[in-house]
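So the structure is just underneath, and the comments pick up after that.
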Number of protein chains: 2
Amino acid sequence: MYRSHTCGELRQNHCNETVTLSGWVQKSRDKGFMIWVDLRDRYGITQLMFDEERTPKEMMEKAKTLGREFVIQVTGNVIERVSKNPNLPTGDIEILVTELNILNDSLVPPFTIEDETDGGEDLRMKYRYLDIRRNPVRENLIFRHKVTMAVRNYLSNLDFVEVETPYLIKSTPEGARDFVVPSRMNEGQFYALPQSPQTFKQLLMVGGMDKYFQIVKCFRDEDLRADRQPEFTQIDCEMAFVEQEDILNAFEGLTRHLLKEINNVEIGDFPRMTYDDAMKRYGNDKPDIRFGMEFGELNEVAQHKDFNVFNQAELVVGIAIPEGNSYSRKEIDKLIDWVRRPQVGALGMVYARCNDDGTYKSSVDKFYDQDDLAKWAEKTGAKAGDLICVLSGETNKVRAQLSALRMEVAERKGLRKSNEFAPLWVIDFPLLEWDEDTERYHAMHHPFTSPKPGQIELLDSKPGEVKANAYDLVLNGNEIGGGSIRIHDKETQAIMLRHLGFSEEEAVAQFGFLMDAFQFGAPPHGGLAFGLDRLVSILGGQETIRDFIAFPKNNSGRDVMIDAPSPIDKLQLDELSLALNLKS
Amino acid sequence: MYRSHTCGELRQNHCNETVTLSGWVQKSRDKGFMIWVDLRDRYGITQLMFDEERTPKEMMEKAKTLGREFVIQVTGNVIERVSKNPNLPTGDIEILVTELNILNDSLVPPFTIEDETDGGEDLRMKYRYLDIRRNPVRENLIFRHKVTMAVRNYLSNLDFVEVETPYLIKSTPEGARDFVVPSRMNEGQFYALPQSPQTFKQLLMVGGMDKYFQIVKCFRDEDLRADRQPEFTQIDCEMAFVEQEDILNAFEGLTRHLLKEINNVEIGDFPRMTYDDAMKRYGNDKPDIRFGMEFGELNEVAQHKDFNVFNQAELVVGIAIPEGNSYSRKEIDKLIDWVRRPQVGALGMVYARCNDDGTYKSSVDKFYDQDDLAKWAEKTGAKAGDLICVLSGETNKVRAQLSALRMEVAERKGLRKSNEFAPLWVIDFPLLEWDEDTERYHAMHHPFTSPKPGQIELLDSKPGEVKANAYDLVLNGNEIGGGSIRIHDKETQAIMLRHLGFSEEEAVAQFGFLMDAFQFGAPPHGGLAFGLDRLVSILGGQETIRDFIAFPKNNSGRDVMIDAPSPIDKLQLDELSLALNLKS
């Protein structure tokens with residue numbers, strides 16, 4: 001037996017007990033005649049004590065050799081501390097050691113095992129097993145576990161059944177790029193790793209499972225952006241005999257439960273907003289509504305003068321930065337520089353200061369008088385002391401630019417409070433979106449999403465206007481979940497695939513099994529998937545998902561700790577009937 | 001809203017209520033003036049009723065069109081049945097339908113959706129979504145969910161943390177064959193899918209997670225035997241600061257909890273048996289101890305006569321089949337034929353009948369007298385009325401043969417009762433086993449298993465005799481779990497890898513990250529993994545794991561429903577810098 005207690009559990013009432021502890025040496029202070037060692041395990045820190053008077057000389061010598069991160073086992077007596085440490089749960093006591101057993105020594109770790117470490121990202125990832133010893137990382141992983149347990153128990157209590165779907169499935173060209181897995185037993189053929197269990201969960205609905213969920217790894221071979229992982233985890237859910245309203249209620253319930261159980265925050269009914277509205281009011285289909293700065297569209301009140309930049313723009317739109325009039329000219333110039341960065345892409349920014357005396361001072365005073373600017377203030381909700389920022393251009397682009405500015409300003413002003421939670425349903429998404437690269441319409445959600453009733457006829461005439469039974473759950477400006485009511489009849493699915501550019505043969509080859517299934521009594525069904533990594537990081541009040549993943553990959557998709565991916569033996573390639581065909 | 005109630009919940013006290021139900025037409029009986037329809041969903045069956053007197057003519061006509069597996073929604077009044085069906089929870093009531101809505105029609109399914117279906121295995125797999133509609137399959141999947149929830153809640157309550165480990169890892173030649181995943185972003189390099197999260201869970205222990213578990217998919221690209229799947233699920237567990245005793249107690253606790261919670265069976269302390277003992281007494285490292293028929297070794301009492309077959313054998317060993325003397329000569333001949341099948345491989349079988357009068361009659365009476373046979377009876381524990389079956393030959397082979405016979409006889413005699421549970425720890429496994437094909441020792445468990453204290457010195461002189469801190473949990477003759485105390489220092493790990501034939505360079509290339517980790521204060525640790533598919537099927541009282549997997553693959557590793565694996569586009573291959581190199 002390596003221990004009688006953990007390093008987090010001894011209290012005053014344990015005094016005079018003989019205990020055995022095991023753990024890591026967090027630090028040791030050697031005063032010559034006395035040595036204190038902080039012994040750490042997952043559960044806490046307990047102070048060990050060796051002293052000249054009571055500790056045998058030999059053990060005293062041994063204690064002096066203990067370095068950081070040595071693994072030791074000690075037996076000793078719990079004694080009351082002379083100077084207590086109120087910041088430590090075990091701070092009332094210490095252990096007078098009677099036996100010391102060095103279980104393993106340690107090289108000096110490449111970074112400090114402290115809450116605030118001196119290790120950079122790369123070093124931390126290479127030695128992730130040491131990084132995980134740090135409280136913040138360990139606590140994040142335990143937090144993630146708590147969230148998944150809460151999800152599972154909640155859904156299970158509502159009769160949802162967790163069903164494991166296969167990982168070795170079939171590659172489909174629609175959507176993102178698949179990771180593929182060569183099959184040795186089926187020469188020249190490949191499995192694909194699932195981008196999501198989408199078709200399988202629909203087949204489970206056809207199979208009468210009624211309520212399904214699964215916390216499941218998914219895979220996308222995409223060029224990685226910051227904070228994207230090639231493998232990620234979803235809470236994948238599906239229900240049969242449901243309308244959109246049923247789905248929204250079910251998963252609003254789950255989210256509310258998590259906020260209460262995990263964050264102790266009570267939230268009432270989640271607001272809902274159409275996609276069109278979200279784009280109009282926030283320039284964004286996942287608006288952060290923890291703060292205001294809603295868009296004010298200014299075409300009506302800004303296109304009647306000689307300012308050609310605005311007159312030629314498809315959209316003139318502004319926001320009012322609260323108390324933004326306090327910005328110096330220099331600060332405003334920096335803001336203008338910021339929106340002109342290539343990542344944002346605005347050509348410039350017009351602004352109007354709202355003075356305390358009710359007057360306005362704008363960067364375009366030449367064109368607009370006080371009455372004009374008063375109307376801008378009205379449209380953007382600006383009050384005295386605010387700063388109105390106006391962008392103009394092609395609608396979609398200018399909305400994205402102004403949304404970026406809105407988020408940046410909120411960030412700078414501390415309006416994105418990590419302990420404040422503002423969920424929002426965004427509904428009525430378009431069914432299709434135009435893709436500039438391939439010059440055709442793609443499914444905005446996926447090819448199995450159903451159009452709104454009566455809109456399927458528009459697919460031919462106005463495909464971009466067809467709305468879908470699709471919805472996203474947004475939390476604090478992040479999409480944490482999304483889903484739709486699915487198509488459940490073969491004819492509609494065939495029409496949909498045709499509109500997405502599938503020939504009839506391709507449709508059958510890729511999705512024949514699903515359309516076959518729809519012919520044998522498919523029930524109406526729909527669902528939703530949460531991005532677990534993102535959800536957990538937001539509930540945890542943090543921004544980066546990587547800190548909630550035990551062994552994340554870097555932006556090249558590499559695990560730098562185990563050094564994967566890596567070359568494989570020629571023998572392995574031969575067995576798979578493959579040869580390398582390197583470009584470089 | 002598609003339903004106010006499910007098809008399993010209406011009772012007498014709902015009479016006179018107006019309800020809405022949705023589901024599948026299980027069957028319909030049309031008496032002309034009256035039509036009854038059994039409406040089915042996941043939760044049960046409710047009888048619908050249409051009658052000439054009360055149902056509008058139009059709806060009556062519509063009801064006549066309902067075919068098997070049509071999906072319908074009905075509204076109607078709950079009424080008391082005239083002739084109640086006590087076999088159905090909803091058998092007291094029926095619904096007099098006032099609204100009938102056909103949600104989807106159905107082709108005639110290729111097999112009947114009944115508990116006992118007329119569909120063969122192949123057809124059921126191709127239309128698995130219809131197979132899942134059948135009660136036994138659906139109940140198995142729900143049962144699996146209950147087991148995993150029980151596992152998760154039990155372990156979580158004991159402070160185990162479920163941590164997700166990566167699926168895209170590194171290929172290692174040791175062990176079974178990996179499935180590999182070409183990396184597009186790292187040209188010419190490959191990930192491997194994990195055969196188990198072994199090294200990651202050990203790194204979590206190095207990282208101080210202390211108690212880890214994960215219910216996780218694992219992958220092995222092996223030629224499939226019956227009831228093996230290329231992807232399978234493990235309950236993977238690991239603990240730090242533990243000895244073997246701690247691990248056995250922890251997971252004996254889990255197993256006992258499952259037997260109580262899931263099967264309502266109370267089991268005391270699990271018996272323990274060494275590997276050597278199991279082989280000697282049952283010829284098998286996973287003995288089924290629900291019944292006797294222990295081996296009696298007969299060398300001493302059978303090698304003193306002129307029967308050369310026995311005299312030349314390394315081992316002569318027998319079992320007593322209870323009441324086997326009732327077998328006719330023909331039945332015994334069949335048994336002999338059975339052990340001579342190539343799958344078993346015995347050359348022949350000697351038998352001795354134990355007559356009720358205390359005499360014996362053997363197939364080798366020419367060589368052995370009554371006194372000899374009495375000693376055989378004593379060694380095998382045979383009583384009057386039993387049949388002693390004796391095999392002989394090379395120890396390992398003859399043990400395997402007799403074990404096969406023992407299991408076969410038990411199966412035929414109904415001694416393998418699916419509702420009886422006999423767990424057993426098999427401990428003290430050998431560290432290494434000789435592999436005939438490669439003519440070298442392999443790790444019996446895996447290269448991270450620690451030898452018993454003080455035995456590492458034997459590695460050079462008597463490698464086959466070194467015992468490991470390795471253990472299996474056996475339930476009803478199946479290995480449901482196995483694990484070991486791990487090596488946790490770099491030197492021992494290096495010695496172990498050297499003995500497994502790794503060069504120093506290979507050891508560093510494959511497992512350098514682990515041995516590095518061991519230098520930074522690795523705690524003593526160990527663990528165990530349960531095979532979930534097998535565990536669930538045994539708890540469920542069934543033999544085949546396939547019925548507890550939603551979408552299993554066939555023996556060629558194919559998913560016949562979605563038709564995977566399948567060829568991929570040349571474009572995909574090009575992106576991965578791969579070319580096919582077909583042998584055929």
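Chain lettering (A, B, ...) mirrors the order of the structure tokens, residue numbering begins at 1 for each chain separately, and ligand numbering begins at 1 in order of display.
Residue neighbourhood of Arg138 (chain A), excluding near-sequence residues (fewer than 2 positions): Arg42, Asp131, Ile132, Arg133, Arg134, Asn135, Pro136, Asn140, Leu141, Ile142, Phe143, Arg144, Asp547, Phe548 and Ala550 of chain A; Leu204, Gly207, Gly208 and Met209 of chain B, at 10 Å, using only C-alpha atoms.
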Item checked: Shell around region 180-197 of chain B at 7 Å using only C-alpha atoms, local window under 4 positions removed, as a PyMOL selection string -> (chain A and resi 179-181+556+564-568+580+582) or (chain B and resi 165+167-171+201+218-220+575-577)
Kindly save the residues from that selection, with N, CA and C atoms included, as a CSV table (one decimal), in the first residue's frame.
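Dumped everything to part.csv:
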chain,number,residue,atom,x,y,z
A,179,PHE,N,-10.2,12.2,-43.4
A,179,PHE,CA,-9.0,11.3,-43.2
A,179,PHE,C,-9.4,9.9,-43.7
A,180,VAL,N,-8.5,9.3,-44.4
A,180,VAL,CA,-8.8,8.0,-44.9
A,180,VAL,C,-7.9,6.9,-44.3
A,181,VAL,N,-8.4,5.7,-44.3
A,181,VAL,CA,-7.7,4.6,-43.6
A,181,VAL,C,-7.6,3.4,-44.7
A,556,SER,N,0.2,22.2,-37.3
A,556,SER,CA,0.5,21.3,-38.4
A,556,SER,C,0.0,20.0,-38.2
A,564,ALA,N,4.3,12.3,-33.9
A,564,ALA,CA,3.4,11.8,-34.9
A,564,ALA,C,2.8,12.9,-35.7
A,565,PRO,N,2.5,12.7,-37.0
A,565,PRO,CA,2.7,11.4,-37.7
A,565,PRO,C,4.2,11.2,-38.0
A,566,SER,N,4.4,10.0,-38.5
A,566,SER,CA,5.8,9.7,-38.8
A,566,SER,C,5.9,8.7,-40.0
A,567,PRO,N,7.0,8.5,-40.6
A,567,PRO,CA,7.1,7.5,-41.7
A,567,PRO,C,6.8,6.1,-41.2
A,568,ILE,N,6.3,5.3,-42.1
A,568,ILE,CA,6.1,3.9,-41.7
A,568,ILE,C,7.0,3.0,-42.5
A,580,LEU,N,4.4,5.4,-51.8
A,580,LEU,CA,4.5,6.8,-51.7
A,580,LEU,C,4.7,7.4,-53.1
A,582,LEU,N,5.6,11.0,-53.7
A,582,LEU,CA,5.9,12.3,-53.1
A,582,LEU,C,6.1,13.4,-54.1
B,165,THR,N,-8.0,10.4,-24.9
B,165,THR,CA,-6.7,10.4,-25.5
B,165,THR,C,-6.8,10.4,-27.0
B,167,TYR,N,-6.8,9.8,-31.1
B,167,TYR,CA,-7.0,8.7,-32.0
B,167,TYR,C,-5.9,8.7,-33.1
B,168,LEU,N,-5.4,9.9,-33.4
B,168,LEU,CA,-4.4,9.9,-34.4
B,168,LEU,C,-3.0,9.9,-33.7
B,169,ILE,N,-2.4,8.7,-33.6
B,169,ILE,CA,-1.2,8.6,-32.9
B,169,ILE,C,-0.1,8.0,-33.8
B,170,LYS,N,0.8,7.3,-33.2
B,170,LYS,CA,2.0,6.9,-33.9
B,170,LYS,C,2.0,5.4,-34.1
B,171,SER,N,2.5,5.0,-35.3
B,171,SER,CA,2.5,3.5,-35.5
B,171,SER,C,3.7,2.9,-34.8
B,201,LYS,N,-2.2,6.6,-21.4
B,201,LYS,CA,-2.7,6.5,-20.0
B,201,LYS,C,-1.5,6.4,-19.0
B,218,CYS,N,-10.9,1.2,-29.9
B,218,CYS,CA,-9.5,0.8,-30.2
B,218,CYS,C,-9.6,0.0,-31.6
B,219,PHE,N,-8.4,-0.1,-32.2
B,219,PHE,CA,-8.4,-0.6,-33.6
B,219,PHE,C,-7.3,-1.6,-33.7
B,220,ARG,N,-7.6,-2.8,-34.4
B,220,ARG,CA,-6.5,-3.7,-34.7
B,220,ARG,C,-6.8,-4.3,-36.1
B,575,GLU,N,-3.6,14.0,-53.2
B,575,GLU,CA,-3.4,15.0,-52.1
B,575,GLU,C,-2.6,14.3,-50.9
B,576,LEU,N,-2.8,13.0,-50.8
B,576,LEU,CA,-2.1,12.3,-49.7
B,576,LEU,C,-0.7,11.8,-50.2
B,577,SER,N,-0.3,12.2,-51.4
B,577,SER,CA,1.0,11.7,-52.0
B,577,SER,C,1.1,10.2,-52.0
Using only C-alpha atoms, determine which residues lie at most 9 Å from Met1 (chain A), disregarding the query and same-chain residues fewer than 6 positions distant; provide the list as a compact mmCIF listing (two decimals) with all heavy atoms, in the first residue's frame.
# COMPACT_ATOMS: atom_id res chain seq x y z
N THR A 20 0.61 7.43 5.84
CA THR A 20 1.55 7.22 4.74
C THR A 20 1.06 8.00 3.53
O THR A 20 -0.11 7.90 3.16
CB THR A 20 1.67 5.73 4.40
OG1 THR A 20 2.08 5.02 5.56
CG2 THR A 20 2.65 5.49 3.27
N PHE B 241 0.41 5.00 -7.87
CA PHE B 241 0.67 4.64 -6.48
C PHE B 241 -0.12 3.40 -6.06
O PHE B 241 -0.83 3.41 -5.05
CB PHE B 241 0.38 5.83 -5.55
CG PHE B 241 1.23 7.03 -5.86
CD1 PHE B 241 0.67 8.20 -6.34
CD2 PHE B 241 2.61 6.99 -5.70
CE1 PHE B 241 1.46 9.31 -6.64
CE2 PHE B 241 3.41 8.10 -6.00
CZ PHE B 241 2.83 9.25 -6.48
N VAL B 242 -0.06 2.41 -6.89
CA VAL B 242 -0.78 1.17 -6.59
C VAL B 242 0.12 -0.04 -6.76
O VAL B 242 1.07 -0.03 -7.54
CB VAL B 242 -1.99 0.97 -7.53
CG1 VAL B 242 -3.11 1.92 -7.18
CG2 VAL B 242 -1.58 1.12 -9.00
N GLU B 243 -0.23 -1.06 -6.01
CA GLU B 243 0.31 -2.40 -6.22
C GLU B 243 -0.79 -3.24 -6.85
O GLU B 243 -1.95 -2.82 -6.91
CB GLU B 243 0.72 -2.99 -4.87
CG GLU B 243 1.87 -2.22 -4.25
CD GLU B 243 2.02 -2.50 -2.76
OE1 GLU B 243 1.01 -2.88 -2.12
OE2 GLU B 243 3.13 -2.32 -2.24
N GLU B 245 -2.46 -5.60 -5.74
CA GLU B 245 -3.61 -5.80 -4.85
C GLU B 245 -4.62 -4.65 -4.96
O GLU B 245 -5.83 -4.88 -4.94
CB GLU B 245 -3.08 -5.93 -3.41
CG GLU B 245 -4.08 -6.44 -2.41
CD GLU B 245 -4.57 -7.84 -2.74
OE1 GLU B 245 -3.83 -8.63 -3.35
OE2 GLU B 245 -5.73 -8.13 -2.39
N ASP B 246 -4.11 -3.44 -5.08
CA ASP B 246 -5.00 -2.28 -5.19
C ASP B 246 -5.83 -2.34 -6.46
O ASP B 246 -7.02 -2.02 -6.48
CB ASP B 246 -4.18 -0.97 -5.18
CG ASP B 246 -3.34 -0.83 -3.92
OD1 ASP B 246 -3.92 -0.88 -2.82
OD2 ASP B 246 -2.11 -0.66 -4.03
Next item on the list: Write down as an MDAnalysis selection string the residues belonging to region 222-367 of chain B that are assigned helix (DSSP H, G or I) by DSSP computed on the backbone.
Entry: chainID B and resid 244:263 275:282 299:302 308:311 324:326 329:340
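Separating CA of Leu514 (chain A) from CA of Val466 (chain A) is a distance of 23.3 Å.
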Check: With only C-alpha atoms as the basis for distance, which of A:Ala517, A:Ile35, A:Ile538, A:Ile332 is at the shortest distance from chain B?
Finding: A:Ala517
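Ranking B:Thr18, B:Asn77, B:Asn554, B:Gln26 by their shortest atom-to-atom distance to Ile113 (chain B), with only C-alpha atoms included, puts B:Gln26 first.
Across B:Ala302, B:Met293, B:Ala374, B:Leu573, the tightest approach to chain A is made by B:Leu573 when counting only C-alpha atoms.
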Check: At what distance in Å, to one decimal, does CA of Lys62 (chain A) lie from CA of Leu100 (chain A)?
Finding: 8.0 Å
Next item on the list: Give the strand (DSSP E or B) residues of region 352-566 of chain A, as assigned by DSSP on the backbone, as a ChimeraX atom specification.
Entry: /A:352-354,360-362,387-393,423-427,430,432-435,440-443,449,451,467-468,470-475,478-486,520,525-531,559,564,566
Notebook entry, point to check: Nearest to Val301 (chain A) among A:Gly268, A:Pro287, A:Pro89, A:Gly318, with distances taken over only C-alpha atoms: which residue is it?
Noted result: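 Distance minimum relative to Val301 (chain A) lands on A:Gly318.
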Check: Looking at B:Thr274, B:Thr117, B:Asn355, B:Gln401, which one is nearest to Val426 (chain B), with distances taken over only C-alpha atoms?
Finding: B:Thr274
